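Text of entry.pdb (PDB, C-alpha atoms) as supplied:
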```pdb
MODEL        1
ATOM      1  CA  MET A 243      28.204  -2.236 -27.444
ATOM      2  CA  THR A 244      27.658   1.126 -29.106
ATOM      3  CA  SER A 245      25.447  -0.372 -31.811
ATOM      4  CA  LYS A 246      23.248  -2.158 -29.263
ATOM      5  CA  LEU A 247      22.984   0.681 -26.767
ATOM      6  CA  PRO A 248      23.318   3.854 -28.841
ATOM      7  CA  SER A 249      21.464   6.116 -26.421
ATOM      8  CA  ILE A 250      23.874   5.869 -23.487
ATOM      9  CA  GLU A 251      26.303   8.642 -22.667
ATOM     10  CA  ALA A 252      28.783   8.737 -19.798
ATOM     11  CA  ALA A 253      29.816  11.190 -17.113
ATOM     12  CA  ILE A 254      32.859  10.920 -14.845
ATOM     13  CA  LEU A 255      32.380  12.567 -11.456
ATOM     14  CA  ALA A 256      35.631  14.359 -10.613
ATOM     15  CA  GLY A 257      34.502  17.232  -8.430
ATOM     16  CA  GLY A 258      35.241  15.786  -5.008
ATOM     17  CA  THR A 259      37.673  17.265  -2.510
ATOM     18  CA  SER A 260      39.632  14.025  -1.833
ATOM     19  CA  ARG A 261      39.892  14.968   1.848
ATOM     20  CA  ARG A 262      40.642  11.460   3.104
ATOM     21  CA  MET A 263      43.224  10.832   0.393
ATOM     22  CA  GLY A 264      44.925  14.178   0.910
ATOM     23  CA  ARG A 265      45.457  14.756  -2.816
ATOM     24  CA  ASP A 266      43.421  14.657  -5.989
ATOM     25  CA  LYS A 267      42.409  11.021  -6.522
ATOM     26  CA  ALA A 268      41.761  11.529 -10.225
ATOM     27  CA  PHE A 269      45.444  12.158 -10.905
ATOM     28  CA  LEU A 270      46.973   9.353  -8.890
ATOM     29  CA  ARG A 271      49.170   6.952 -10.846
ATOM     30  CA  LEU A 272      49.195   3.241 -10.063
ATOM     31  CA  GLN A 273      52.079   2.198 -12.307
ATOM     32  CA  GLY A 274      54.868   4.637 -11.519
ATOM     33  CA  ALA A 275      55.506   8.212 -12.546
ATOM     34  CA  LYS A 276      55.152   7.452 -16.257
ATOM     35  CA  GLY A 277      51.972   5.400 -15.987
ATOM     36  CA  PRO A 278      48.506   6.778 -16.734
ATOM     37  CA  THR A 279      46.514   8.605 -14.106
ATOM     38  CA  VAL A 280      43.336   7.036 -12.779
ATOM     39  CA  ILE A 281      41.162   9.433 -14.749
ATOM     40  CA  GLU A 282      43.162   8.809 -17.938
ATOM     41  CA  THR A 283      42.527   5.092 -17.488
ATOM     42  CA  LEU A 284      38.811   5.732 -17.002
ATOM     43  CA  VAL A 285      38.632   7.886 -20.118
ATOM     44  CA  ALA A 286      40.337   5.138 -22.125
ATOM     45  CA  THR A 287      37.850   2.573 -20.766
ATOM     46  CA  LEU A 288      34.748   4.649 -21.513
ATOM     47  CA  ARG A 289      35.608   6.468 -24.733
ATOM     48  CA  PRO A 290      35.107   3.511 -27.145
ATOM     49  CA  ASP A 291      31.522   2.812 -26.024
ATOM     50  CA  TYR A 292      29.946   6.008 -24.704
ATOM     51  CA  ARG A 293      29.283   9.206 -26.626
ATOM     52  CA  PRO A 294      29.225  11.873 -25.517
ATOM     53  CA  LEU A 295      31.657  11.424 -22.659
ATOM     54  CA  ARG A 296      31.979  14.276 -20.166
ATOM     55  CA  ILE A 297      33.742  15.055 -16.912
ATOM     56  CA  LEU A 298      31.621  16.616 -14.164
ATOM     57  CA  ALA A 299      33.944  19.029 -12.362
ATOM     58  CA  THR A 300      34.997  22.630 -12.100
ATOM     59  CA  PRO A 301      37.320  23.317 -15.060
ATOM     60  CA  SER A 302      41.030  23.210 -14.276
ATOM     61  CA  GLU A 303      44.143  23.158 -16.408
ATOM     62  CA  ARG A 304      44.856  19.500 -15.572
ATOM     63  CA  LEU A 305      41.341  18.416 -16.546
ATOM     64  CA  LEU A 306      41.296  20.516 -19.698
ATOM     65  CA  ARG A 307      44.438  18.739 -20.893
ATOM     66  CA  LEU A 308      42.452  15.491 -21.061
ATOM     67  CA  GLY A 309      40.521  16.853 -24.035
ATOM     68  CA  ILE A 310      37.129  15.796 -22.621
ATOM     69  CA  PRO A 311      34.247  18.305 -22.284
ATOM     70  CA  LEU A 312      33.800  19.572 -18.739
ATOM     71  CA  GLN A 313      30.481  20.244 -17.012
ATOM     72  CA  PRO A 314      30.464  22.006 -13.609
ATOM     73  CA  ASP A 315      27.849  21.026 -11.041
ATOM     74  CA  LEU A 316      24.651  23.017 -11.416
ATOM     75  CA  ARG A 317      24.254  22.956  -7.628
ATOM     76  CA  PRO A 318      27.802  23.124  -6.224
ATOM     77  CA  GLY A 319      28.706  21.717  -2.851
ATOM     78  CA  LEU A 320      26.137  18.899  -2.783
ATOM     79  CA  GLY A 321      28.566  16.015  -3.121
ATOM     80  CA  PRO A 322      28.006  13.015  -5.412
ATOM     81  CA  LEU A 323      24.270  13.658  -5.734
ATOM     82  CA  GLY A 324      25.053  17.113  -7.072
ATOM     83  CA  GLY A 325      27.245  15.530  -9.721
ATOM     84  CA  ILE A 326      24.612  12.955 -10.667
ATOM     85  CA  HIS A 327      22.054  15.775 -10.890
ATOM     86  CA  ALA A 328      24.272  17.790 -13.233
ATOM     87  CA  ALA A 329      24.943  14.720 -15.374
ATOM     88  CA  LEU A 330      21.221  14.034 -15.814
ATOM     89  CA  ALA A 331      20.088  17.649 -16.140
ATOM     90  CA  THR A 332      22.553  18.392 -18.945
ATOM     91  CA  ALA A 333      22.457  14.990 -20.684
ATOM     92  CA  ARG A 334      21.778  14.907 -24.401
ATOM     93  CA  ARG A 335      20.618  11.295 -24.301
ATOM     94  CA  GLU A 336      17.973   9.486 -22.298
ATOM     95  CA  LEU A 337      20.399   7.157 -20.506
ATOM     96  CA  VAL A 338      23.511   8.187 -18.600
ATOM     97  CA  LEU A 339      26.271   6.054 -17.139
ATOM     98  CA  VAL A 340      27.687   7.859 -14.099
ATOM     99  CA  VAL A 341      31.043   6.758 -12.662
ATOM    100  CA  ALA A 342      33.273   8.225  -9.983
ATOM    101  CA  CYS A 343      36.837   9.158 -10.846
ATOM    102  CA  ASP A 344      38.269   6.903  -8.127
ATOM    103  CA  LEU A 345      37.480   3.517  -9.711
ATOM    104  CA  PRO A 346      40.834   2.556 -11.262
ATOM    105  CA  PHE A 347      39.904  -0.992 -12.286
ATOM    106  CA  LEU A 348      36.500  -0.358 -13.826
ATOM    107  CA  ASP A 349      36.106  -2.468 -16.953
ATOM    108  CA  ARG A 350      33.908  -2.643 -20.010
ATOM    109  CA  GLN A 351      32.472  -6.071 -19.170
ATOM    110  CA  LEU A 352      30.866  -4.812 -15.978
ATOM    111  CA  LEU A 353      29.586  -1.598 -17.547
ATOM    112  CA  THR A 354      28.093  -3.404 -20.523
ATOM    113  CA  GLY A 355      26.348  -5.816 -18.175
ATOM    114  CA  LEU A 356      24.853  -2.990 -16.130
ATOM    115  CA  ALA A 357      23.585  -1.184 -19.216
ATOM    116  CA  ARG A 358      21.873  -4.276 -20.575
ATOM    117  CA  LEU A 359      19.812  -4.594 -17.404
ATOM    118  CA  LEU A 360      18.234  -1.142 -17.567
ATOM    119  CA  PRO A 361      15.089  -1.755 -19.675
ATOM    120  CA  GLY A 362      12.039  -1.609 -17.413
ATOM    121  CA  HIS A 363      13.861   0.236 -14.617
ATOM    122  CA  ASP A 364      14.834   3.792 -13.719
ATOM    123  CA  ALA A 365      18.371   2.856 -12.757
ATOM    124  CA  VAL A 366      20.785  -0.060 -12.514
ATOM    125  CA  VAL A 367      22.984   0.113  -9.410
ATOM    126  CA  PRO A 368      25.597  -2.367  -8.159
ATOM    127  CA  ARG A 369      25.312  -3.393  -4.535
ATOM    128  CA  PRO A 370      28.617  -5.063  -3.553
ATOM    129  CA  GLU A 371      28.489  -6.611  -0.082
ATOM    130  CA  GLY A 372      25.045  -5.087   0.393
ATOM    131  CA  ARG A 373      26.239  -1.480  -0.053
ATOM    132  CA  PRO A 374      24.675   0.520  -2.920
ATOM    133  CA  LEU A 375      27.214   2.170  -5.210
ATOM    134  CA  PRO A 376      25.303   5.011  -6.916
ATOM    135  CA  VAL A 377      28.506   6.463  -8.379
ATOM    136  CA  CYS A 378      28.886   3.509 -10.731
ATOM    137  CA  ALA A 379      25.398   3.192 -12.143
ATOM    138  CA  VAL A 380      23.216   3.695 -15.195
ATOM    139  CA  TYR A 381      20.355   6.183 -14.873
ATOM    140  CA  SER A 382      17.481   7.205 -17.092
ATOM    141  CA  LYS A 383      16.457  10.851 -17.166
ATOM    142  CA  ARG A 384      13.311   9.798 -15.277
ATOM    143  CA  CYS A 385      15.536   9.959 -12.211
ATOM    144  CA  LEU A 386      16.069  13.701 -12.571
ATOM    145  CA  ALA A 387      12.794  14.917 -11.041
ATOM    146  CA  PRO A 388      12.983  12.801  -7.851
ATOM    147  CA  LEU A 389      16.653  13.691  -7.472
ATOM    148  CA  ALA A 390      15.951  17.417  -7.844
ATOM    149  CA  SER A 391      13.172  17.107  -5.278
ATOM    150  CA  ARG A 392      15.547  15.508  -2.775
ATOM    151  CA  LEU A 393      18.131  18.229  -3.353
ATOM    152  CA  ASP A 394      15.482  20.930  -2.934
ATOM    153  CA  ARG A 395      14.750  19.489   0.516
ATOM    154  CA  GLY A 396      18.434  19.331   1.399
ATOM    155  CA  GLU A 397      18.422  15.535   1.503
ATOM    156  CA  LEU A 398      21.829  14.464   0.242
ATOM    157  CA  THR A 399      21.859  10.777   1.171
ATOM    158  CA  ALA A 400      22.247   8.632  -1.924
ATOM    159  CA  ALA A 401      20.484   5.668  -0.331
ATOM    160  CA  ALA A 402      17.362   7.768   0.308
ATOM    161  CA  PHE A 403      17.325   9.045  -3.265
ATOM    162  CA  LEU A 404      17.477   5.496  -4.605
ATOM    163  CA  GLU A 405      14.347   4.649  -2.609
ATOM    164  CA  ASP A 406      12.432   6.953  -4.974
ATOM    165  CA  LEU A 407      13.416   4.940  -8.042
ATOM    166  CA  ALA A 408      12.622   1.616  -9.640
ATOM    167  CA  VAL A 409      16.139   0.271  -9.180
ATOM    168  CA  ARG A 410      17.547  -2.885 -10.703
ATOM    169  CA  TRP A 411      20.072  -3.989  -8.088
ATOM    170  CA  VAL A 412      23.092  -6.019  -9.188
ATOM    171  CA  GLU A 413      24.672  -8.038  -6.401
ATOM    172  CA  GLY A 414      25.795 -11.446  -5.254
ATOM    173  CA  PRO A 415      26.528 -14.096  -7.900
ATOM    174  CA  GLU A 416      25.136 -11.880 -10.662
ATOM    175  CA  LEU A 417      27.645  -9.157  -9.827
ATOM    176  CA  GLY A 418      30.342 -11.792  -9.542
ATOM    177  CA  ARG A 419      29.695 -12.906 -13.111
ATOM    178  CA  LEU A 420      30.117  -9.333 -14.350
ATOM    179  CA  ASP A 421      33.202  -8.761 -12.196
ATOM    180  CA  PRO A 422      34.920 -12.132 -11.883
ATOM    181  CA  GLU A 423      38.147 -10.658 -10.477
ATOM    182  CA  GLY A 424      36.198  -8.755  -7.838
ATOM    183  CA  ILE A 425      38.165  -5.525  -8.348
ATOM    184  CA  ALA A 426      36.146  -3.518 -10.880
ATOM    185  CA  LEU A 427      34.363  -1.597  -8.112
ATOM    186  CA  PHE A 428      37.443  -1.066  -5.944
ATOM    187  CA  ASN A 429      37.554   2.623  -5.097
ATOM    188  CA  LEU A 430      40.258   4.898  -3.767
ATOM    189  CA  ASN A 431      39.396   6.766  -0.586
ATOM    190  CA  THR A 432      42.459   6.647   1.649
ATOM    191  CA  PRO A 433      46.252   6.367   1.320
ATOM    192  CA  GLU A 434      45.873   2.727   2.376
ATOM    193  CA  ASP A 435      43.508   2.132  -0.543
ATOM    194  CA  TYR A 436      46.091   3.697  -2.852
ATOM    195  CA  LEU A 437      48.802   1.313  -1.656
ATOM    196  CA  ARG A 438      46.493  -1.642  -2.162
ATOM    197  CA  ALA A 439      45.550  -0.427  -5.651
ATOM    198  CA  GLN A 440      49.221  -0.115  -6.573
ATOM    199  CA  ALA A 441      49.773  -3.712  -5.449
ATOM    200  CA  ILE A 442      46.786  -4.905  -7.509
ATOM    201  CA  ALA A 443      48.024  -3.002 -10.565
ATOM    202  CA  ALA A 444      51.518  -4.449 -10.192
ATOM    203  CA  LYS A 445      50.106  -7.964  -9.988
ATOM    204  CA  LYS A 446      47.955  -7.423 -13.077
ATOM    205  CA  THR A 447      50.892  -6.173 -15.153
ATOM    206  CA  ARG A 448      53.463  -8.690 -13.895
ATOM    207  CA  PRO A 449      54.502 -11.088 -16.696
ATOM    208  CA  ARG A 450      53.312 -14.645 -16.185
ATOM    209  CA  SER A 451      56.059 -17.209 -15.743
TER     210      SER A 451
ENDMDL
END
```
When written as structure tokens, how does the structure in this file appear?
Amino acid sequence: MTSKLPSIEAAILAGGTSRRMGRDKAFLRLQGAKGPTVIETLVATLRPDYRPLRILATPSERLLRLGIPLQPDLRPGLGPLGGIHAALATARRELVLVVACDLPFLDRQLLTGLARLLPGHDAVVPRPEGRPLPVCAVYSKRCLAPLASRLDRGELTAAAFLEDLAVRWVEGPELGRLDPEGIALFNLNTPEDYLRAQAIAAKKTRPRS
């Protein structure tokens, strides 16, 4: 994919507080104490295809050990939109893939499919079950000005920001073709989600009889 889409870089949003989970989602492990963390899995998924790859978060010892450049939010405390803003404002390339750190099953097939749909649009955003997912999307830097304007007005709703853009939505059967297992956009918000993700991971790694 790198040769076909050389201008895309990637940013992992890892600056959330994980209030509902009760612990840092980025460092959860789905496959036991010796398995990779969620953010390590994401880095391994993204690194082959996206350069540069950065993590959007306040620097910490645990994040620094990943060996990936860190970029703090330029406007702290504004949630996911603040992270998307920082990713776009500091991007070296015209196109940026933004993904949240709580998507343990994100795969290259889905991401490649999203990126290929961007020409002619400001952003490509999945909409599973009718719900926009702006934290797994491809943005052009044209999105920066309308996003900054929303932040200036204190409007932090992602859905409202997307109304300002020419968005290529990916949903229904089209999304199903890019995510045939239906788990690539599964995200971790609560302890119950974590238990379900562990069960999914165990099923995926279980040897076939």
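Here atom CA of A:Ala342 and atom CA of A:Arg395 stand 24.1 Å from one another.
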Measuring between all atoms listed in the file, which one of A:Leu375, A:Leu360, A:Leu398, A:Leu345 shows the shortest distance to A:Gly321?
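Checking each candidate against A:Gly321, we get A:Leu398 as the closest.
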I need the residue set behind the PyMOL selection byres ((chain A and resi 431) around 6) for this file; please write it as a VMD selection string.
chain A and resid 263 430 432
Would you please work out which residue, of A:Ile297, A:Leu356, A:Leu407, A:Ala441, is nearest to A:Gly257 when using only C-alpha atoms?
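Nearest candidate to A:Gly257 out of A:Ile297, A:Leu356, A:Leu407, A:Ala441: A:Ile297.
Separating atom CA of A:Glu405 from atom CA of A:Ala331 is a distance of 19.6 Å.
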Using all atoms listed in the file for the distances, tell me which of A:Leu352, A:Ala387, A:Leu284, A:Gly396 is nearest to A:Ile425.
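Of A:Leu352, A:Ala387, A:Leu284, A:Gly396, the one nearest A:Ile425, counting all atoms listed in the file, is A:Leu352.
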Please enumerate the residues selected by the PyMOL selection byres ((chain A and resi 270) around 6) when evaluated against the supplied file, formatted as a VMD selection string.
chain A and resid 267 to 269 271 279 to 280
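Evaluating the PyMOL selection byres ((chain A and resi 346) around 8) against the shown model yields Val280, Ile281, Thr283, Leu284, Cys343, Asp344, Leu345, Phe347, Leu348, Ala426, Phe428, Asn429, Leu430 and Ala439 of chain A.
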Between A:Gln313, A:Thr332, A:Gln273, A:Ser249, which one has atoms that come closest to A:Tyr292, using all atoms listed in the file?
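Residue with the minimum atom-to-atom distance to A:Tyr292: A:Ser249.
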Could you pull the residues within 9 Å of stretch 298-300 of chain A, counting only C-alpha atoms, minus those fewer than 2 positions along the same chain, as a list in words?
Ala253, Ile254, Leu255, Ala256, Gly257, Gly258, Arg296, Ser302, Leu305, Pro311, Leu312, Gln313, Pro314, Asp315, Gly325, Ile326, Ala328 and Ala329 of chain A
Just the selected residues (C-alpha atoms), exported as a tab-separated table (two decimals), keeping the file's coordinate frame, please.
```
chain	number	residue	atom	x	y	z
A	253	ALA	CA	29.82	11.19	-17.11
A	254	ILE	CA	32.86	10.92	-14.84
A	255	LEU	CA	32.38	12.57	-11.46
A	256	ALA	CA	35.63	14.36	-10.61
A	257	GLY	CA	34.50	17.23	-8.43
A	258	GLY	CA	35.24	15.79	-5.01
A	296	ARG	CA	31.98	14.28	-20.17
A	302	SER	CA	41.03	23.21	-14.28
A	305	LEU	CA	41.34	18.42	-16.55
A	311	PRO	CA	34.25	18.30	-22.28
A	312	LEU	CA	33.80	19.57	-18.74
A	313	GLN	CA	30.48	20.24	-17.01
A	314	PRO	CA	30.46	22.01	-13.61
A	315	ASP	CA	27.85	21.03	-11.04
A	325	GLY	CA	27.24	15.53	-9.72
A	326	ILE	CA	24.61	12.96	-10.67
A	328	ALA	CA	24.27	17.79	-13.23
A	329	ALA	CA	24.94	14.72	-15.37
```
Give as a list in words the set of residues within 7 Å of the point (27.4, 10.4, -25.0), where distances use the file's coordinates and all atoms listed in the file.
Ile250, Glu251, Ala252, Tyr292, Arg293, Pro294, Leu295 and Arg335 of chain A
Taking all atoms listed in the file into account, which of A:Lys276, A:Arg261, A:Arg350, A:Lys446 comes nearest A:Asp291?
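Once distances to A:Asp291 are computed over all atoms listed in the file, the minimum belongs to A:Arg350.
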Shortest interatomic distance to A:Arg334 - which of A:Ser382, A:Ala444, A:Phe403, A:Gly418, counting only C-alpha atoms
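Nearest candidate to A:Arg334 out of A:Ser382, A:Ala444, A:Phe403, A:Gly418: A:Ser382.
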Just want the 10 Å neighbourhood of A:Gly372, counted on all atoms listed in the file, with same-chain residues fewer than 6 positions away dropped. Output as an MDAnalysis selection string.
chainID A and resid 411:414
Excluding A:Gly362 and residues on its chain fewer than 2 positions from it, collect all residues at most 10 Å away from it, counting only C-alpha atoms, and give them as a PyMOL selection string.
chain A and resi 359-360+364-365+408-410
Write the selection just made, keeping C-alpha atoms, as a PDB file, in the frame of the given file?
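The new file part.pdb reads:
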```
ATOM      1  CA  LEU A 359      19.812  -4.594 -17.404  1.00  0.00           C
ATOM      2  CA  LEU A 360      18.234  -1.142 -17.567  1.00  0.00           C
ATOM      3  CA  ASP A 364      14.834   3.792 -13.719  1.00  0.00           C
ATOM      4  CA  ALA A 365      18.371   2.856 -12.757  1.00  0.00           C
ATOM      5  CA  ALA A 408      12.622   1.616  -9.640  1.00  0.00           C
ATOM      6  CA  VAL A 409      16.139   0.271  -9.180  1.00  0.00           C
ATOM      7  CA  ARG A 410      17.547  -2.885 -10.703  1.00  0.00           C
TER       8      ARG A 410
END
```
Which value, in Å to one decimal, gives the distance between atom CA of A:Asp421 and atom CA of A:Asp349?
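Here the two named atoms are 8.4 Å from each other.
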Select, counting only C-alpha atoms, all protein, DNA and RNA residues no farther than 6 Å from (21.3, 19.7, -4.6) in file coordinates, and express the selection as a compact mmCIF listing (two decimals) with C-alpha atoms, in the frame of the given file.
```txt
# COMPACT_ATOMS: atom_id res chain seq x y z
CA ARG A 317 24.25 22.96 -7.63
CA LEU A 320 26.14 18.90 -2.78
CA GLY A 324 25.05 17.11 -7.07
CA LEU A 393 18.13 18.23 -3.35
```
Kindly provide, as AutoDock Vina command-line options, the centre and edge lengths (Å, one decimal) of an axis-aligned box around all atoms of stretch 277-296 of chain A given in the file, with 8 Å on each side.
```
--center_x 40.6 --center_y 8.4 --center_z -20.0 --size_x 38.7 --size_y 27.7 --size_z 30.4
```
